Amino acid sequence: MLNKLIVAAMPLVPRPIIRKISRRYIAGDLLADAIAATQQMHRDEGAWTTIDVLGEFVDNRERAVREKSESGKVLDAIDQHGLRGIANLSIKPTSLGLGLDEDFAFENVRELALKAREYGLFMRIDMENSPYTDKTLRLYRRLRDEGVDNIGIVLQAMLHRCEQDVRDHLEYRPSIRLCKGIYREPRSLAWTGREEVRDSYKRLLRLILGNGLYCGIATHDDPLLDDARQVIKAEGLKPDQYEFQMLLGVKDTTRRAILKDGHHLRVYVPFGEDWYGYSTRRLKENPAMAGMIAKAVLLRQ
Ligand SMILES: Cc1cc2nc3c(=O)[nH]c(=O)nc-3n(C[C@H](O)[C@H](O)[C@H](O)COP(=O)(O)OP(=O)(O)OC[C@H]3O[C@@H](n4cnc5c(N)ncnc54)[C@H](O)[C@@H]3O)c2cc1C
């Protein structure tokens, strides 16, 4: 209840407070921070990362071109620091103009995918809210139809359409990151109950892995992690057929335990100055969020 109130009041919370308490979710302002986080997590834990330049829903072309150039620099840095096989790139299509013009966004995504391919790197196309689902999947298929195959998609288990999306893309043998989905969606499109979303996730995981597709199992939810371990065992999967994925700053102990058990695990490492949208989404998912904000506000006065 308190959490719900605070979520509703989030826009009123001063930005410096949001910034302070969400710092754990973001590597820093600079690309060098994301590279350092990657190097540290790989050295200390054997984790892999996917690096994301913060930014989304851009409303002009100049900005989208700038975002493309920033993501291009991530690819350069991964190569220069010898992090191939350890780090890759995640992109948000609306930061590359998907909300402005689909063809324009396609050209931007394509340029990045080709650059990644030259370096021998993989690029994940994040999934945003439902107005962009079809457009994002179309970008993916257009690229695959051109023979670009160092790319993967994200599917959101909360959406009713997700199972059909898996089936519709089977012929592409896509690499799929499976997550619950973070965006608020209408009831007509999405399951909203906690258990309904979990059940959907479990069904989809079986569908994806059962069809021999590579899956990024992106969740911090213990029952889903336990279920995934069971499926992996039951299907006799090798560690190169899937990876766990978690967000920077979330459930560090669980992350280390998964790695210790011999699974691959990739951490989503966002960096940059456009931190507000991403940070508030993460805070809303943190069960301790209400207390953290209340404490931060009180200590400030
Ligand atoms: C690598 C990765 C990439 C993702 N990419 C996308 C994407 O492209 N599109 C999209 O819509 N969504 C994406 N997501 C977000 C995802 O959809 C969920 O919103 C998010 O992972 C939380 O769901 P959960 O499965 O962890 O379950 P939850 O029930 O939300 O969380 C399970 C438990 O994890 C802990 N936890 C979760 N979040 C936090 C937090 N922020 N702070 C502290 N503790 C927390 C809590 O203990 C919570 O009880 C991604 C997630 C990951 C891990």
# chains A, B, ... in the order shown; residues from 1 in each chain; ligands from 1
>>> residues_around(residues="region 175-189 of chain A", least_positions_apart="5", cutoff="8 Å", atoms="only C-alpha atoms", output="JSON, numbers by chain")
{"A": [128, 129, 130, 151, 152, 153, 154, 155, 156, 157, 158, 159, 160, 161, 197, 198, 201, 205, 208, 213, 214, 215, 216, 217, 218, 219, 281]}
>>> residues_around(residues="Arg144 (chain A)", least_positions_apart="4", cutoff="12 Å", atoms="only C-alpha atoms", output="short mmCIF file (atom, residue, chain, number, x, y, z; two decimals) with all heavy atoms, in the first residue's frame")
data_model
loop_
_atom_site.label_atom_id
_atom_site.label_comp_id
_atom_site.auth_asym_id
_atom_site.auth_seq_id
_atom_site.Cartn_x
_atom_site.Cartn_y
_atom_site.Cartn_z
N ARG A 110 20.50 -0.93 -37.98
CA ARG A 110 21.28 -1.70 -38.94
C ARG A 110 22.76 -1.31 -38.88
O ARG A 110 23.65 -2.16 -38.87
CB ARG A 110 20.72 -1.44 -40.33
CG ARG A 110 21.37 -2.17 -41.45
CD ARG A 110 20.52 -1.97 -42.71
NE ARG A 110 21.11 -2.65 -43.82
CZ ARG A 110 22.02 -2.13 -44.63
NH1 ARG A 110 22.42 -0.89 -44.44
NH2 ARG A 110 22.50 -2.82 -45.62
N ALA A 113 24.25 -2.77 -35.87
CA ALA A 113 24.38 -4.24 -35.97
C ALA A 113 25.55 -4.61 -36.87
O ALA A 113 26.32 -5.53 -36.57
CB ALA A 113 23.08 -4.84 -36.50
N LEU A 114 25.72 -3.85 -37.97
CA LEU A 114 26.82 -4.16 -38.89
C LEU A 114 28.17 -3.85 -38.25
O LEU A 114 29.14 -4.58 -38.40
CB LEU A 114 26.65 -3.39 -40.19
CG LEU A 114 25.44 -3.82 -41.04
CD1 LEU A 114 25.34 -2.99 -42.32
CD2 LEU A 114 25.51 -5.31 -41.40
N LEU A 137 9.94 -6.04 -33.49
CA LEU A 137 10.11 -7.38 -34.07
C LEU A 137 10.31 -7.28 -35.58
O LEU A 137 11.05 -8.06 -36.19
CB LEU A 137 8.92 -8.27 -33.72
CG LEU A 137 8.83 -8.61 -32.22
CD1 LEU A 137 7.56 -9.39 -31.91
CD2 LEU A 137 10.05 -9.40 -31.75
N ARG A 138 9.66 -6.28 -36.18
CA ARG A 138 9.84 -6.08 -37.63
C ARG A 138 11.28 -5.66 -37.95
O ARG A 138 11.87 -6.14 -38.91
CB ARG A 138 8.86 -5.00 -38.11
CG ARG A 138 8.24 -5.35 -39.41
CD ARG A 138 6.99 -4.67 -39.82
NE ARG A 138 6.70 -3.39 -39.26
CZ ARG A 138 5.52 -3.10 -38.67
NH1 ARG A 138 4.57 -4.01 -38.57
NH2 ARG A 138 5.29 -1.90 -38.19
N LEU A 139 11.83 -4.79 -37.10
CA LEU A 139 13.24 -4.39 -37.29
C LEU A 139 14.12 -5.63 -37.28
O LEU A 139 15.01 -5.80 -38.12
CB LEU A 139 13.72 -3.51 -36.13
CG LEU A 139 13.30 -2.07 -36.00
CD1 LEU A 139 14.03 -1.42 -34.81
CD2 LEU A 139 13.66 -1.32 -37.28
N TYR A 140 13.86 -6.48 -36.29
CA TYR A 140 14.66 -7.71 -36.15
C TYR A 140 14.55 -8.57 -37.40
O TYR A 140 15.56 -9.01 -37.96
CB TYR A 140 14.20 -8.47 -34.90
CG TYR A 140 14.82 -9.84 -34.78
CD1 TYR A 140 16.13 -9.99 -34.31
CD2 TYR A 140 14.12 -10.99 -35.16
CE1 TYR A 140 16.72 -11.25 -34.23
CE2 TYR A 140 14.71 -12.24 -35.08
CZ TYR A 140 16.00 -12.37 -34.60
OH TYR A 140 16.58 -13.61 -34.53
N VAL A 148 21.77 -10.47 -41.41
CA VAL A 148 22.45 -9.99 -40.20
C VAL A 148 22.00 -10.88 -39.04
O VAL A 148 20.83 -10.86 -38.67
CB VAL A 148 22.09 -8.52 -39.92
CG1 VAL A 148 22.80 -8.02 -38.67
CG2 VAL A 148 22.41 -7.65 -41.12
N ASP A 149 22.94 -11.65 -38.49
CA ASP A 149 22.46 -12.62 -37.48
C ASP A 149 23.15 -12.49 -36.12
O ASP A 149 22.96 -13.34 -35.25
CB ASP A 149 22.56 -14.05 -38.01
CG ASP A 149 23.98 -14.39 -38.39
OD1 ASP A 149 24.87 -13.55 -38.15
OD2 ASP A 149 24.20 -15.48 -38.94
N ASN A 150 23.89 -11.39 -35.91
CA ASN A 150 24.52 -11.20 -34.60
C ASN A 150 23.62 -10.37 -33.68
O ASN A 150 24.08 -9.52 -32.92
CB ASN A 150 25.87 -10.47 -34.78
CG ASN A 150 25.72 -9.13 -35.47
OD1 ASN A 150 24.93 -9.00 -36.40
ND2 ASN A 150 26.45 -8.14 -35.01
N ILE A 151 22.32 -10.60 -33.80
CA ILE A 151 21.36 -9.81 -33.03
C ILE A 151 20.34 -10.73 -32.36
O ILE A 151 20.14 -11.86 -32.79
CB ILE A 151 20.60 -8.80 -33.93
CG1 ILE A 151 19.99 -9.53 -35.15
CG2 ILE A 151 21.50 -7.67 -34.38
CD1 ILE A 151 19.07 -8.64 -35.97
N GLY A 152 19.74 -10.21 -31.30
CA GLY A 152 18.72 -10.99 -30.60
C GLY A 152 17.59 -10.10 -30.13
O GLY A 152 17.70 -8.87 -30.15
N ILE A 153 16.49 -10.76 -29.74
CA ILE A 153 15.30 -10.02 -29.32
C ILE A 153 15.03 -10.23 -27.83
O ILE A 153 15.64 -11.08 -27.18
CB ILE A 153 14.05 -10.44 -30.12
CG1 ILE A 153 13.92 -11.98 -30.16
CG2 ILE A 153 14.08 -9.85 -31.51
CD1 ILE A 153 12.62 -12.47 -30.82
N HIS A 169 8.41 -16.69 -34.67
CA HIS A 169 9.82 -16.44 -34.99
C HIS A 169 10.68 -17.69 -34.98
O HIS A 169 11.89 -17.60 -35.17
CB HIS A 169 10.38 -15.38 -34.02
CG HIS A 169 9.84 -14.02 -34.29
ND1 HIS A 169 8.61 -13.62 -33.85
CD2 HIS A 169 10.34 -12.98 -35.02
CE1 HIS A 169 8.37 -12.38 -34.27
NE2 HIS A 169 9.40 -11.97 -34.98
N GLU A 171 11.24 -19.90 -37.09
CA GLU A 171 12.04 -20.14 -38.30
C GLU A 171 13.35 -19.34 -38.28
O GLU A 171 14.30 -19.69 -38.97
CB GLU A 171 11.23 -19.77 -39.56
CG GLU A 171 10.84 -18.32 -39.59
CD GLU A 171 10.01 -17.94 -40.81
OE1 GLU A 171 10.52 -18.07 -41.93
OE2 GLU A 171 8.87 -17.49 -40.64
N TYR A 172 13.40 -18.27 -37.47
CA TYR A 172 14.63 -17.46 -37.40
C TYR A 172 15.63 -18.02 -36.37
O TYR A 172 16.73 -17.52 -36.26
CB TYR A 172 14.30 -16.01 -37.04
CG TYR A 172 13.62 -15.25 -38.16
CD1 TYR A 172 12.24 -15.19 -38.25
CD2 TYR A 172 14.38 -14.61 -39.13
CE1 TYR A 172 11.62 -14.50 -39.28
CE2 TYR A 172 13.78 -13.92 -40.16
CZ TYR A 172 12.39 -13.86 -40.23
OH TYR A 172 11.80 -13.19 -41.26
N ARG A 173 15.21 -19.01 -35.60
CA ARG A 173 16.04 -19.53 -34.51
C ARG A 173 16.61 -18.38 -33.68
O ARG A 173 17.83 -18.27 -33.48
CB ARG A 173 17.21 -20.39 -35.04
CG ARG A 173 16.86 -21.40 -36.11
CD ARG A 173 16.01 -22.55 -35.64
NE ARG A 173 16.57 -23.27 -34.52
CZ ARG A 173 15.83 -23.94 -33.62
NH1 ARG A 173 14.51 -23.93 -33.71
NH2 ARG A 173 16.41 -24.58 -32.63
N PRO A 174 15.76 -17.48 -33.18
CA PRO A 174 16.29 -16.28 -32.52
C PRO A 174 16.91 -16.56 -31.16
O PRO A 174 16.52 -17.51 -30.48
CB PRO A 174 15.03 -15.42 -32.34
CG PRO A 174 13.91 -16.38 -32.25
CD PRO A 174 14.29 -17.55 -33.12
N SER A 175 17.88 -15.74 -30.81
CA SER A 175 18.36 -15.68 -29.43
C SER A 175 17.37 -14.78 -28.70
O SER A 175 17.16 -13.64 -29.09
CB SER A 175 19.77 -15.07 -29.41
OG SER A 175 20.06 -14.62 -28.10
#
>>> residues_around(residues="region 291-299 of chain A", least_positions_apart="6", cutoff="12 Å", atoms="only C-alpha atoms", output="number ranges by chain")
A: 2-3, 5-7, 9-10, 12-22, 280, 283-284
>>> atom_distance(atom1="CA of Asp52 (chain A)", atom2="CA of Leu89 (chain A)")
6.2 Å
>>> closest_residue(among="A:Val74, A:Leu259, A:Ala64, A:Leu265", to="Met246 (chain A)", atoms="only C-alpha atoms")
A:Leu265
>>> closest_residue(among="A:Glu107, A:Leu209, A:Asn88, A:Ser95", to="Tyr268 (chain A)", atoms="only C-alpha atoms")
A:Asn88
>>> select_by_dssp(residues="region 36-280 of chain A", states="strand (DSSP E or B)", output="VMD selection string")
chain A and resid 48 to 53 87 to 91 123 to 125 151 to 156 159 176 to 179 190 215 to 218 242 to 247 265 to 271
>>> write_last_selection(atoms="N, CA and C atoms", output="compact mmCIF listing (two decimals), in the first residue's frame")
# COMPACT_ATOMS: atom_id res chain seq x y z
N TRP A 48 29.50 -11.97 -17.29
CA TRP A 48 29.52 -11.23 -18.55
C TRP A 48 28.62 -10.00 -18.37
N THR A 49 28.71 -9.08 -19.33
CA THR A 49 27.80 -7.92 -19.25
C THR A 49 27.20 -7.61 -20.62
N THR A 50 26.11 -6.84 -20.58
CA THR A 50 25.61 -6.18 -21.78
C THR A 50 25.49 -4.71 -21.41
N ILE A 51 26.08 -3.86 -22.25
CA ILE A 51 26.18 -2.44 -21.90
C ILE A 51 25.11 -1.65 -22.65
N ASP A 52 24.45 -0.76 -21.92
CA ASP A 52 23.36 0.02 -22.50
C ASP A 52 23.61 1.50 -22.25
N VAL A 53 23.51 2.29 -23.31
CA VAL A 53 23.59 3.75 -23.15
C VAL A 53 22.21 4.23 -22.71
N ALA A 87 31.57 -8.91 -23.05
CA ALA A 87 30.55 -7.85 -23.06
C ALA A 87 29.90 -7.77 -24.44
N ASN A 88 28.65 -7.34 -24.46
CA ASN A 88 28.00 -7.00 -25.72
C ASN A 88 27.17 -5.74 -25.52
N LEU A 89 26.37 -5.40 -26.53
CA LEU A 89 25.63 -4.13 -26.50
C LEU A 89 24.13 -4.40 -26.44
N SER A 90 23.41 -3.63 -25.63
CA SER A 90 21.95 -3.63 -25.70
C SER A 90 21.51 -2.25 -26.18
N ILE A 91 20.50 -2.23 -27.03
CA ILE A 91 20.01 -0.93 -27.51
C ILE A 91 18.50 -0.83 -27.30
N MET A 123 24.52 -8.01 -30.53
CA MET A 123 23.74 -6.85 -30.10
C MET A 123 22.31 -7.28 -29.76
N ARG A 124 21.85 -6.93 -28.60
CA ARG A 124 20.49 -7.27 -28.16
C ARG A 124 19.58 -6.06 -28.36
N ILE A 125 18.44 -6.31 -29.00
CA ILE A 125 17.47 -5.22 -29.18
C ILE A 125 16.46 -5.31 -28.03
N ILE A 151 22.32 -10.60 -33.80
CA ILE A 151 21.36 -9.81 -33.03
C ILE A 151 20.34 -10.73 -32.36
N GLY A 152 19.74 -10.21 -31.30
CA GLY A 152 18.72 -10.99 -30.60
C GLY A 152 17.59 -10.10 -30.13
N ILE A 153 16.49 -10.76 -29.74
CA ILE A 153 15.30 -10.02 -29.32
C ILE A 153 15.03 -10.23 -27.83
N VAL A 154 14.05 -9.48 -27.35
CA VAL A 154 13.57 -9.63 -25.98
C VAL A 154 12.07 -9.87 -26.05
N LEU A 155 11.58 -10.85 -25.29
CA LEU A 155 10.13 -11.04 -25.20
C LEU A 155 9.70 -10.89 -23.75
N GLN A 156 8.48 -10.36 -23.58
CA GLN A 156 7.99 -10.02 -22.25
C GLN A 156 6.86 -10.97 -21.85
N LEU A 159 2.99 -10.25 -21.55
CA LEU A 159 2.10 -9.99 -22.69
C LEU A 159 1.43 -11.27 -23.19
N ILE A 176 16.75 -15.32 -27.64
CA ILE A 176 15.68 -14.57 -26.96
C ILE A 176 16.07 -14.27 -25.52
N ARG A 177 15.98 -13.01 -25.14
CA ARG A 177 16.00 -12.70 -23.70
C ARG A 177 14.56 -12.74 -23.22
N LEU A 178 14.30 -13.59 -22.23
CA LEU A 178 12.94 -13.67 -21.70
C LEU A 178 12.88 -12.95 -20.37
N CYS A 179 12.04 -11.91 -20.32
CA CYS A 179 11.84 -11.18 -19.06
C CYS A 179 10.35 -11.09 -18.77
N ALA A 190 -2.10 -7.67 -21.31
CA ALA A 190 -1.09 -8.27 -20.41
C ALA A 190 -1.71 -8.90 -19.17
N CYS A 215 18.49 -18.96 -24.81
CA CYS A 215 17.65 -18.09 -23.99
C CYS A 215 18.46 -17.34 -22.94
N GLY A 216 18.24 -16.04 -22.88
CA GLY A 216 18.75 -15.22 -21.78
C GLY A 216 17.65 -15.20 -20.72
N ILE A 217 17.87 -15.90 -19.64
CA ILE A 217 16.84 -16.05 -18.60
C ILE A 217 16.95 -14.83 -17.67
N ALA A 218 16.17 -13.80 -18.00
CA ALA A 218 16.36 -12.49 -17.34
C ALA A 218 15.32 -12.31 -16.23
N TYR A 242 22.25 -21.45 -22.92
CA TYR A 242 21.42 -20.46 -22.22
C TYR A 242 22.34 -19.59 -21.37
N GLU A 243 21.82 -18.50 -20.87
CA GLU A 243 22.55 -17.74 -19.85
C GLU A 243 21.53 -17.10 -18.92
N PHE A 244 21.88 -16.93 -17.69
CA PHE A 244 21.05 -16.13 -16.80
C PHE A 244 21.41 -14.66 -17.04
N GLN A 245 20.45 -13.80 -16.78
CA GLN A 245 20.73 -12.36 -16.94
C GLN A 245 20.11 -11.61 -15.76
N MET A 246 20.87 -10.67 -15.24
CA MET A 246 20.35 -9.86 -14.13
C MET A 246 20.74 -8.40 -14.32
N LEU A 247 20.08 -7.54 -13.59
CA LEU A 247 20.35 -6.11 -13.70
C LEU A 247 21.43 -5.71 -12.69
N LEU A 265 26.29 -16.04 -16.62
CA LEU A 265 25.35 -14.99 -16.20
C LEU A 265 25.84 -13.65 -16.74
N ARG A 266 24.90 -12.92 -17.33
CA ARG A 266 25.23 -11.62 -17.92
C ARG A 266 24.51 -10.52 -17.13
N VAL A 267 25.25 -9.47 -16.81
CA VAL A 267 24.68 -8.36 -16.05
C VAL A 267 24.40 -7.19 -17.01
N TYR A 268 23.22 -6.64 -16.89
CA TYR A 268 22.83 -5.49 -17.72
C TYR A 268 23.43 -4.24 -17.07
N VAL A 269 24.33 -3.59 -17.81
CA VAL A 269 25.09 -2.46 -17.23
C VAL A 269 24.74 -1.17 -17.97
N PRO A 270 23.84 -0.37 -17.43
CA PRO A 270 23.52 0.89 -18.09
C PRO A 270 24.44 2.01 -17.59
N PHE A 271 24.72 2.95 -18.48
CA PHE A 271 25.50 4.13 -18.06
C PHE A 271 24.99 5.33 -18.84
>>> atom_distance(atom1="CA of Ile86 (chain A)", atom2="atom 25 (O, counted along the ligand's line) of ligand 1")
23.0 Å
>>> select_by_dssp(residues="region 130-229 of chain A", states="helix (DSSP H, G or I)", output="number ranges by chain")
A: 130-145, 162-168, 170-172, 194-210, 222-229
>>> closest_residue(among="A:Ala37, A:Leu237, A:Val109, A:Leu143", to="Tyr25 (chain A)", atoms="only C-alpha atoms")
A:Ala37
>>> closest_residue(among="A:Asp222, A:Arg61, A:Leu121, A:Leu170", to="Gly82 (chain A)", atoms="only C-alpha atoms")
A:Leu121
>>> residues_around(residues="Asp76 (chain A)", least_positions_apart="2", cutoff="12 Å", atoms="only C-alpha atoms", output="number ranges by chain")
A: 31-32, 35, 69-74, 78-84, 87-89, 112, 115-121
>>> residues_around(residues="Val250 (chain A)", least_positions_apart="4", cutoff="9 Å", atoms="only C-alpha atoms", output="compact mmCIF listing (two decimals) with all heavy atoms, in the first residue's frame")
# COMPACT_ATOMS: atom_id res chain seq x y z
N ARG A 24 22.98 2.60 -7.39
CA ARG A 24 23.44 1.20 -7.48
C ARG A 24 23.06 0.53 -8.80
O ARG A 24 23.65 -0.48 -9.18
CB ARG A 24 22.85 0.39 -6.33
CG ARG A 24 21.33 0.37 -6.36
CD ARG A 24 20.74 -0.18 -5.09
NE ARG A 24 20.56 -1.62 -5.15
CZ ARG A 24 19.66 -2.27 -4.43
NH1 ARG A 24 18.89 -1.60 -3.57
NH2 ARG A 24 19.55 -3.56 -4.52
N TYR A 25 22.04 1.08 -9.48
CA TYR A 25 21.56 0.44 -10.70
C TYR A 25 22.32 0.88 -11.96
O TYR A 25 22.07 0.37 -13.04
CB TYR A 25 20.07 0.75 -10.93
CG TYR A 25 19.17 0.30 -9.80
CD1 TYR A 25 18.34 1.21 -9.14
CD2 TYR A 25 19.15 -1.03 -9.40
CE1 TYR A 25 17.51 0.80 -8.11
CE2 TYR A 25 18.33 -1.45 -8.37
CZ TYR A 25 17.52 -0.53 -7.72
OH TYR A 25 16.69 -0.93 -6.71
N HIS A 220 15.04 -11.99 -11.57
CA HIS A 220 15.65 -12.12 -10.24
C HIS A 220 14.70 -12.85 -9.31
O HIS A 220 14.91 -12.90 -8.11
CB HIS A 220 15.94 -10.73 -9.64
CG HIS A 220 16.49 -9.76 -10.60
ND1 HIS A 220 15.71 -8.94 -11.39
CD2 HIS A 220 17.77 -9.49 -10.93
CE1 HIS A 220 16.48 -8.21 -12.17
NE2 HIS A 220 17.73 -8.51 -11.91
N MET A 246 20.87 -10.67 -15.24
CA MET A 246 20.35 -9.86 -14.13
C MET A 246 20.74 -8.40 -14.32
O MET A 246 21.62 -8.09 -15.12
CB MET A 246 20.90 -10.40 -12.79
CG MET A 246 20.36 -11.80 -12.49
SD MET A 246 21.00 -12.57 -10.99
CE MET A 246 20.18 -11.62 -9.74
N THR A 254 22.54 -13.56 -5.04
CA THR A 254 21.96 -14.58 -5.93
C THR A 254 22.81 -14.70 -7.19
O THR A 254 23.07 -15.79 -7.69
CB THR A 254 20.51 -14.18 -6.31
OG1 THR A 254 19.79 -13.96 -5.12
CG2 THR A 254 19.83 -15.24 -7.14
N ARG A 255 23.22 -13.54 -7.71
CA ARG A 255 24.05 -13.55 -8.93
C ARG A 255 25.32 -14.39 -8.71
O ARG A 255 25.65 -15.25 -9.52
CB ARG A 255 24.45 -12.10 -9.26
CG ARG A 255 25.32 -11.97 -10.49
CD ARG A 255 25.65 -10.52 -10.77
NE ARG A 255 26.70 -10.02 -9.91
CZ ARG A 255 26.70 -8.83 -9.31
NH1 ARG A 255 25.69 -8.01 -9.46
NH2 ARG A 255 27.71 -8.46 -8.54
N ASN A 286 11.76 -2.22 -6.58
CA ASN A 286 12.50 -2.56 -5.37
C ASN A 286 11.53 -2.62 -4.20
O ASN A 286 10.89 -1.63 -3.86
CB ASN A 286 13.57 -1.49 -5.14
CG ASN A 286 14.47 -1.87 -3.98
OD1 ASN A 286 14.08 -2.63 -3.10
ND2 ASN A 286 15.67 -1.34 -3.99
>>> closest_residue(among="A:Lys202, A:Arg63, A:Arg256, A:His42", to="ligand 1", atoms="only C-alpha atoms and all ligand atoms")
A:Lys202
>>> closest_residue(among="A:Glu45, A:Gly85, A:Cys162, A:Asp227", to="Thr253 (chain A)", atoms="only C-alpha atoms")
A:Glu45
